[in-house]
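Trainee: Got a structure for you, questions after.
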Amino acid sequence: MNMFSNKEMPSPSSLFSAYASMAASMMLFRSMANELIPHPVRGYLVSSLRYLFKTHSPKLTLVIEESNGISRNQVYEAAEIYLCTKISSNTERIRVSKSPKGKSLTIRLEKGEKLVDFYEGIELKWRFVCAESPQKDPNDPFSPPRSEKRFFELTFHKKHKDRVLDCYVPYVLERANAMKDEERVLKMYTLNSCHPYNGVKWESINLEHPATFETVAMDQDLKNAVIEDLNRFVKRKEFYKKVGRAWKRGYLLYGPPGTGKSSLVAAMANYLKFDVYDLQLANIFRDSDLRKLLLGTANRSILVIEDIDCSVELPDRRHGDGRKQPDVQLTLSGLLNFIDGLWSSCGDERIIIFTTNHKERLDPALLRPGRMDMHIHMSYCTYHGFKLLASNYLGIHNHHHLFGEIEDLMKETDVTPAHVAEELMKSEDVDVALEGLVKLLKRKKLEGDEFEDEAEKKNAAQAAKRQKTGKQQRKPVRNNRRNSTKRTSNRLSAKKTILY
């Protein structure tokens, strides 16, 4: 029987009219609600309705981001290390890498991958997520490009929340630290200026510099003093806390180029097993970037600022087309606060090393204790340094008939350890290599004598000229023997170890 047999079937036009009337009523009601109900109240009502009709999940998800504000998130780093041991046959994609001198492969999760872990009967689901952030202003040439935001998601039943936060997460941190200690590989960090996420980004490679205190050509007393100072520093955590000072130490390495400053930094890192952060101030434009960089460094690390005499002048940064970089706000006061201000206390067991070829150019404010606690003069090569190089490069552990002549020449000649090492590498034959070094020292001595004689003649000519113009100055009287003695004295004083 037809249901519309006793009634007329509604026409399409009447249905459309009904729908239009209903839509108009809803729009009228919405307009009245917007006018009569305040915006905060509307928001509360909407969120309440969503909560009532929302399907409640028994699961809880922890989001572990790569950074915590402007500093690295230690839980993220620990999870990245820990989860590489939990990869199973169900994992579809992983990232594999190996350094040239690495002992084993480094395995990490690929983005989007999931895995399951169990802790005391609790099922924990991990997921690695990479989200690309949009570019702020594509038309602005100075706007940073797109960057990738990485984080882990950890999902489990809500009833296990306290157990996971109080026991499982600390367990992951502990296991990751133990794994890092077992496979400790020193890292060299440098700033990637092309990575705009959070303003700065440290990126690393393995530090494979072979320098040790046994191979660095420097005065033995100075070497022992540096080792003793490092040992004292790492053992005094409670002392620094008791006296109210940040647990850090500053060193200034100064001297001519080629005297082993970089090798000493590597030797210190290898001795302490500290990672190295290489900071180039020329790439920093604001004081705020310095603070972010400091917070981005790990504990038990060495921060190196090379050629500080060139960096603290802070020249104008310019673009490739010659236009000045806008908003350049890197100042000397910002650098000083970075070294020993309040921000320097954000971390423990850190060493800051400055290097320079010209100590006299540095601002006195940089040189004081608390900023550069220990000043180490890296001098020209001494006879002791030469014997160490001869042992390392040529395997000479006893006396050689040319050692006496080399010792006498070194007392009268300025030559860097790098120059001596280069000469010793020219031949594997001991006699040939040492004879080449003798020739080098004689040539440098002759060049030095000619340079000093020319300088003395120039000074004498200037003095004579001043006398002719009426200026009363006594012309210095020198003889060859006195000049030779003075030159030798000057060279020996230049090689003296200076240690504060």
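Every chain in the structure tokens has a letter given in the order shown (A, B, ...), and although residue numbers restart at 1 in each chain, ligands are simply numbered from 1 in the order shown.
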Identify, on the basis of only C-alpha atoms, every residue whose closest approach to Arg184 (chain A) does not exceed 10 Å; exclude the query and any residue fewer than 5 positions from it along the same chain; express the result as an MDAnalysis selection string.

Mentor: chainID A and resid 177:179 273:274

Trainee: Keeping only all heavy atoms, write the selected residues as a PDB file, in the first residue's frame.

Mentor:
```pdb
ATOM      1  N   ASN A 177      72.801   7.317  29.238  1.00  0.00           N
ATOM      2  CA  ASN A 177      74.095   7.786  29.740  1.00  0.00           C
ATOM      3  C   ASN A 177      75.099   6.648  29.812  1.00  0.00           C
ATOM      4  O   ASN A 177      76.286   6.828  29.489  1.00  0.00           O
ATOM      5  CB  ASN A 177      73.909   8.425  31.120  1.00  0.00           C
ATOM      6  CG  ASN A 177      73.193   9.755  31.056  1.00  0.00           C
ATOM      7  OD1 ASN A 177      73.260  10.452  30.048  1.00  0.00           O
ATOM      8  ND2 ASN A 177      72.499  10.108  32.120  1.00  0.00           N
ATOM      9  N   ALA A 178      74.653   5.473  30.233  1.00  0.00           N
ATOM     10  CA  ALA A 178      75.558   4.320  30.304  1.00  0.00           C
ATOM     11  C   ALA A 178      76.032   3.917  28.904  1.00  0.00           C
ATOM     12  O   ALA A 178      77.205   3.581  28.704  1.00  0.00           O
ATOM     13  CB  ALA A 178      74.849   3.149  30.980  1.00  0.00           C
ATOM     14  N   MET A 179      75.134   3.976  27.924  1.00  0.00           N
ATOM     15  CA  MET A 179      75.518   3.630  26.547  1.00  0.00           C
ATOM     16  C   MET A 179      76.498   4.637  25.980  1.00  0.00           C
ATOM     17  O   MET A 179      77.435   4.271  25.257  1.00  0.00           O
ATOM     18  CB  MET A 179      74.267   3.553  25.677  1.00  0.00           C
ATOM     19  CG  MET A 179      73.338   2.401  26.031  1.00  0.00           C
ATOM     20  SD  MET A 179      71.736   2.516  25.196  1.00  0.00           S
ATOM     21  CE  MET A 179      72.247   2.410  23.482  1.00  0.00           C
ATOM     22  N   LYS A 273      88.227  13.835  27.993  1.00  0.00           N
ATOM     23  CA  LYS A 273      87.089  13.214  27.307  1.00  0.00           C
ATOM     24  C   LYS A 273      85.917  14.185  27.231  1.00  0.00           C
ATOM     25  O   LYS A 273      84.767  13.832  27.473  1.00  0.00           O
ATOM     26  CB  LYS A 273      86.677  11.909  28.001  1.00  0.00           C
ATOM     27  CG  LYS A 273      87.767  10.870  28.108  1.00  0.00           C
ATOM     28  CD  LYS A 273      88.284  10.463  26.735  1.00  0.00           C
ATOM     29  CE  LYS A 273      89.383   9.418  26.845  1.00  0.00           C
ATOM     30  NZ  LYS A 273      89.972   9.079  25.528  1.00  0.00           N
ATOM     31  N   PHE A 274      86.218  15.436  26.879  1.00  0.00           N
ATOM     32  CA  PHE A 274      85.215  16.487  26.725  1.00  0.00           C
ATOM     33  C   PHE A 274      84.965  16.743  25.243  1.00  0.00           C
ATOM     34  O   PHE A 274      85.906  16.754  24.438  1.00  0.00           O
ATOM     35  CB  PHE A 274      85.676  17.799  27.372  1.00  0.00           C
ATOM     36  CG  PHE A 274      85.503  17.849  28.875  1.00  0.00           C
ATOM     37  CD1 PHE A 274      85.262  16.701  29.616  1.00  0.00           C
ATOM     38  CD2 PHE A 274      85.571  19.061  29.543  1.00  0.00           C
ATOM     39  CE1 PHE A 274      85.106  16.762  30.984  1.00  0.00           C
ATOM     40  CE2 PHE A 274      85.412  19.135  30.913  1.00  0.00           C
ATOM     41  CZ  PHE A 274      85.170  17.976  31.639  1.00  0.00           C
TER      42      PHE A 274
END
```

Trainee: Give me, as a ChimeraX atom specification, the residues of region 14-67 of chain A that a backbone DSSP run labels strand (DSSP E).

Mentor: /A:59-65,67

Trainee: Which of region 134-278 of chain A end up as alpha helix (DSSP H) when DSSP is run on this backbone - answer as a compact mmCIF listing (two decimals) with C-alpha atoms, in the first residue's frame?

Mentor:
```txt
# COMPACT_ATOMS: atom_id res chain seq x y z
CA LYS A 161 51.25 7.77 34.27
CA ASP A 162 53.01 8.01 37.65
CA ARG A 163 55.00 4.84 37.04
CA VAL A 169 61.73 8.04 31.97
CA PRO A 170 64.59 8.14 34.54
CA TYR A 171 65.44 4.58 33.46
CA VAL A 172 65.72 5.73 29.82
CA LEU A 173 68.00 8.62 30.88
CA GLU A 174 70.22 6.29 32.92
CA ARG A 175 70.50 3.68 30.18
CA ALA A 176 71.34 6.31 27.56
CA ASN A 177 74.09 7.79 29.74
CA ALA A 178 75.56 4.32 30.30
CA MET A 179 75.52 3.63 26.55
CA LYS A 180 77.24 6.94 25.81
CA ASP A 181 79.98 6.14 28.33
CA GLU A 182 80.50 2.68 26.84
CA GLN A 220 107.42 20.15 30.42
CA ASP A 221 106.85 22.32 33.51
CA LEU A 222 104.10 24.20 31.68
CA LYS A 223 102.58 20.93 30.51
CA ASN A 224 102.53 19.56 34.05
CA ALA A 225 100.97 22.78 35.36
CA VAL A 226 98.14 22.56 32.81
CA ILE A 227 97.45 18.90 33.61
CA GLU A 228 97.44 19.64 37.35
CA ASP A 229 95.04 22.55 36.85
CA LEU A 230 92.65 20.40 34.78
CA ASN A 231 92.68 17.61 37.36
CA ARG A 232 91.96 20.08 40.15
CA PHE A 233 89.09 21.63 38.20
CA VAL A 234 87.16 18.42 37.46
CA LYS A 237 82.32 20.42 41.99
CA GLU A 238 81.40 20.77 45.66
CA PHE A 239 84.07 23.44 46.16
CA TYR A 240 82.65 25.64 43.39
CA LYS A 241 79.17 25.19 44.85
CA LYS A 242 80.37 26.05 48.35
CA VAL A 243 82.09 29.29 47.30
CA LYS A 261 97.61 26.29 20.39
CA SER A 262 95.10 24.14 18.48
CA SER A 263 97.03 20.97 19.31
CA LEU A 264 96.89 21.86 23.01
CA VAL A 265 93.11 22.30 22.79
CA ALA A 266 92.79 18.83 21.22
CA ALA A 267 95.11 17.37 23.86
CA MET A 268 92.98 18.85 26.64
CA ALA A 269 89.81 17.44 25.06
CA ASN A 270 91.32 13.97 24.68
CA TYR A 271 92.66 14.05 28.22
CA LEU A 272 89.33 15.03 29.83
```

Trainee: Would you kindly return, as number ranges by chain, each protein, DNA or RNA residue with an atom no farther than 9 Å from any atom of region 248-254 of chain A, considering only C-alpha atoms and excluding same-chain residues fewer than 3 positions away?

Mentor: A: 230, 233, 240, 245, 261, 264, 339-340, 344-345, 347-359, 367, 369-379

Trainee: Taking only C-alpha atoms into account, which of A:His399, A:His419, A:Arg150, A:Lys158 comes nearest Cys381 (chain A)?

Mentor: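 Using only C-alpha atoms, the shortest distance to Cys381 (chain A) belongs to A:His419.
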